[in-house]
Amino acid sequence: MTMDEFTKVKSDLVQVTRLALNEKTEDVRLFVARLVRQYRGVEPELAEQLEKFLRTITPGGAGHYMRREAPPKIDGGTLPVDEESRLSLLKIFNDGLEFPAPLLDATVQGSLAQLIKERKQIKKLAALGLHPTKSSVFVGAPGVGKTITARWIAAQLGVPLFVLDLTAVMSSLLGKSGANLRAALDYAKRVPSVLFLDEIDAIAKRRSDDSDVGELKRLVTVILQEVDDWPSSSLLLAATNHPELIDPALWRRFDLIVEFKAPDAEAVGVAIKRFLGPDMPYFEKWIGVLSYALQKQSFSDIEREMQRFRRSLALGSSNSEKLIEDLVRLKTPQLERTEQIEFAVLLDNETSLSQRAIHDITGVSRDTIRKHRTAAPTPIKRSSRTSTTA
């Protein structure tokens with residue numbers, strides 16, 4: 001194996017590992033399909049084995065992933081594709097003004113409101129010799145709303161959102177990834193749009209990181225050049241869960257850094273009500289309990305739980321009280337001891353559960369519940385973390 005071939009294998013391993021650890025099953029399948037095509041001529045046994053795995057885990061077989069579909073078109077022309085796989089380098093979202101606003105704290109809302117206002121008044125700023133914010137990076141843990149926010153901003157501006165498809169960009173041909181990245185960025189610069197670089201740390205790591213292959217380091221240079229030359233007609237957004245991995249030179253290029261924090265108690269309550277939708281009346285008396293049980297959870301985690309609740313109700317497999325009880329049993333062990341006691345007192349204050357039942361669910365003794373209830377009759381109102389009425 002030559003050095004170039006070894007470098008390519010390492011690059012493939014890094015890419016498929018990243019996709020798998022981020023639970024991006026669809027992207028993993030697409031990447032494996034590319035590897036099948038790549039190795040079919042040089043390593044037929046390996047290609048056959050990979051295709052067998054792909055066929056086994058893919059509903060309807062592997063044919064959908066092995067076909068080379070024609071790239072979609074929009075007003076700016078045909079979207080750029082990877083020459084080897086013919087996969088589009090950009091995913092498109094065209095959401096209307098009705099796209100729901102993300103649940104964000106006041107600081108983030110203020111920053112984004114200013115960004116949108118600037119983008120809508122580009123001509124006014126230009127007349128004064130000023131440019132609008134052209135680029136921003138979103139920082140925060142998974143599930144706090146970074147991707148949804150990018151879609152909402154594009155919807156508010158009335159332009160398409162392009163999302164860079166890392167699976168397609170990371171070409172199987174050594175040296176082509178940089179060309180793919182440049183082609184995708186150049187296209188987004190020509191079309192009034194919002195370009196979203198999710199997980200930018202995957203392609204813009206510190207160039208001093210010796211664990212990365214040279215191909216990935218070259219991508220950093222491409223991004224630096226493109227961000228420097230980004231036009232006012234389009235908006236460049238990026239997102240990362242690991243800001244410490246990003247090359248410092250890139251940080252200095254972004255006009256705006258927005259930090260997305262885990263939802264506070266008020267946002268958790270609002271999220272629960274939104275995600276319950278028309279089934280919210282069935283759980284209205286339990287909102288306080290739900291908010292406490294789901295504290296410290298991301299919006300995506302909360303949505304997943306509420307969707308599960310709704311499915312259970314729709315199929316008649318459970319009722320609201322049993323769903324709440326099961327959730328409390330699941331979440332209580334994850335709380336610290338003081339939080340478990342506070343939660344038990346909350347259940348005693350705001351539900352019809354007996355103290356024996358609360359003890360069975362939370363593990364907090366009835367004597368402890370009575371003691372803390374006497375010391376603090378309404379602990380839920382004292383704790384900002386358990387506020388649920390907003």
# chains A, B, ... in the order shown; residues from 1 in each chain; ligands from 1

$ residues_around --residues "Val108 in chain A" --least-positions-apart "2" --cutoff "8 Å" --atoms "only C-alpha atoms" --output "MDAnalysis selection string"
chainID A and resid 104:106 110:112 258:260

$ write_last_selection --atoms "C-alpha atoms" --output "PDB file, in the first residue's frame"
ATOM      1  CA  LEU A 104     -34.196  30.459  22.353  1.00  0.00           C
ATOM      2  CA  ASP A 105     -33.122  32.523  25.339  1.00  0.00           C
ATOM      3  CA  ALA A 106     -33.422  36.306  25.255  1.00  0.00           C
ATOM      4  CA  GLY A 110     -31.603  39.560  20.411  1.00  0.00           C
ATOM      5  CA  SER A 111     -28.491  38.626  18.442  1.00  0.00           C
ATOM      6  CA  LEU A 112     -30.485  36.848  15.740  1.00  0.00           C
ATOM      7  CA  VAL A 258     -23.779  32.866  19.099  1.00  0.00           C
ATOM      8  CA  GLU A 259     -23.744  30.543  22.102  1.00  0.00           C
ATOM      9  CA  PHE A 260     -26.738  28.232  22.440  1.00  0.00           C
TER      10      PHE A 260
END

$ select_by_dssp --residues "range 187-286 of chain A" --states "strand (DSSP E)" --output "list in words"
Val194, Leu195, Phe196, Leu197, Leu235, Leu236, Leu237, Ala238, Ala239, Thr240, Leu256, Ile257, Val258 and Glu259 of chain A

$ residues_around --residues "Phe196 in chain A" --least-positions-apart "5" --cutoff "9 Å" --atoms "only C-alpha atoms" --output "ChimeraX atom specification"
/A:147,150-151,161-164,235-239

$ write_last_selection --atoms "N, CA and C atoms" --output "CSV table (one decimal), in the first residue's frame"
chain,number,residue,atom,x,y,z
A,147,THR,N,-29.6,23.8,14.2
A,147,THR,CA,-30.0,23.5,12.8
A,147,THR,C,-31.4,24.1,12.6
A,150,ALA,N,-31.0,27.8,12.0
A,150,ALA,CA,-30.6,28.1,10.6
A,150,ALA,C,-31.7,28.0,9.6
A,151,ARG,N,-32.6,27.0,9.7
A,151,ARG,CA,-33.7,26.9,8.8
A,151,ARG,C,-34.7,28.1,9.0
A,161,LEU,N,-32.2,27.5,2.2
A,161,LEU,CA,-31.0,27.1,3.1
A,161,LEU,C,-30.3,26.0,2.4
A,162,PHE,N,-29.0,26.2,2.2
A,162,PHE,CA,-28.2,25.1,1.7
A,162,PHE,C,-27.4,24.5,2.9
A,163,VAL,N,-27.4,23.2,3.0
A,163,VAL,CA,-26.7,22.5,4.1
A,163,VAL,C,-25.6,21.7,3.4
A,164,LEU,N,-24.3,22.0,3.8
A,164,LEU,CA,-23.2,21.2,3.2
A,164,LEU,C,-23.3,19.8,3.6
A,235,LEU,N,-25.6,34.6,3.3
A,235,LEU,CA,-25.2,34.5,4.7
A,235,LEU,C,-24.6,33.2,5.0
A,236,LEU,N,-23.5,33.1,5.6
A,236,LEU,CA,-22.8,31.9,5.9
A,236,LEU,C,-22.9,31.6,7.4
A,237,LEU,N,-23.5,30.5,7.7
A,237,LEU,CA,-23.7,30.0,9.1
A,237,LEU,C,-22.9,28.7,9.3
A,238,ALA,N,-22.4,28.6,10.5
A,238,ALA,CA,-21.7,27.3,10.9
A,238,ALA,C,-22.1,26.9,12.3
A,239,ALA,N,-21.9,25.7,12.6
A,239,ALA,CA,-22.3,25.2,13.9
A,239,ALA,C,-21.3,24.2,14.4

$ atom_distance --atom1 "CA of Ala344 in chain A" --atom2 "CA of Asp326 in chain A"
14.5 Å

$ atom_distance --atom1 "CA of Ile223 in chain A" --atom2 "CA of Ala204 in chain A"
7.5 Å

$ atom_distance --atom1 "CA of Tyr187 in chain A" --atom2 "CA of Val14 in chain A"
26.7 Å

$ residues_around --residues "Ser232 in chain A" --least-positions-apart "4" --cutoff "12 Å" --atoms "only C-alpha atoms" --output "list in words"
Glu118, Arg119, Lys120, Gln121, Ile122, Lys123, Leu125, Ala126, Leu130, His131, Pro132, Thr133, Lys134, Ser135, Ala188, Lys189, Arg190, Val191, Pro192, Ser193, Val194, Val227, Asp228, Leu236 and Asp255 of chain A

$ write_last_selection --atoms "C-alpha atoms" --output "compact mmCIF listing (two decimals), in the first residue's frame"
# COMPACT_ATOMS: atom_id res chain seq x y z
CA GLU A 118 -29.31 43.79 8.96
CA ARG A 119 -29.87 41.21 6.22
CA LYS A 120 -33.22 42.76 5.33
CA GLN A 121 -31.74 46.25 5.05
CA ILE A 122 -28.56 45.56 3.07
CA LYS A 123 -29.15 48.48 0.71
CA LEU A 125 -26.34 49.79 5.14
CA ALA A 126 -24.54 49.89 1.78
CA LEU A 130 -21.54 49.44 5.84
CA HIS A 131 -21.87 45.69 5.36
CA PRO A 132 -24.40 43.44 7.13
CA THR A 133 -23.28 40.49 9.21
CA LYS A 134 -22.06 38.02 6.59
CA SER A 135 -21.09 35.06 8.76
CA ALA A 188 -23.79 29.34 -2.37
CA LYS A 189 -21.96 32.63 -2.90
CA ARG A 190 -23.56 33.07 -6.32
CA VAL A 191 -27.15 32.44 -5.16
CA PRO A 192 -28.93 34.63 -2.56
CA SER A 193 -29.16 32.06 0.21
CA VAL A 194 -28.11 30.91 3.66
CA VAL A 227 -15.00 33.14 4.57
CA ASP A 228 -12.67 36.07 3.94
CA LEU A 236 -22.77 31.91 5.95
CA ASP A 255 -18.58 38.25 12.25
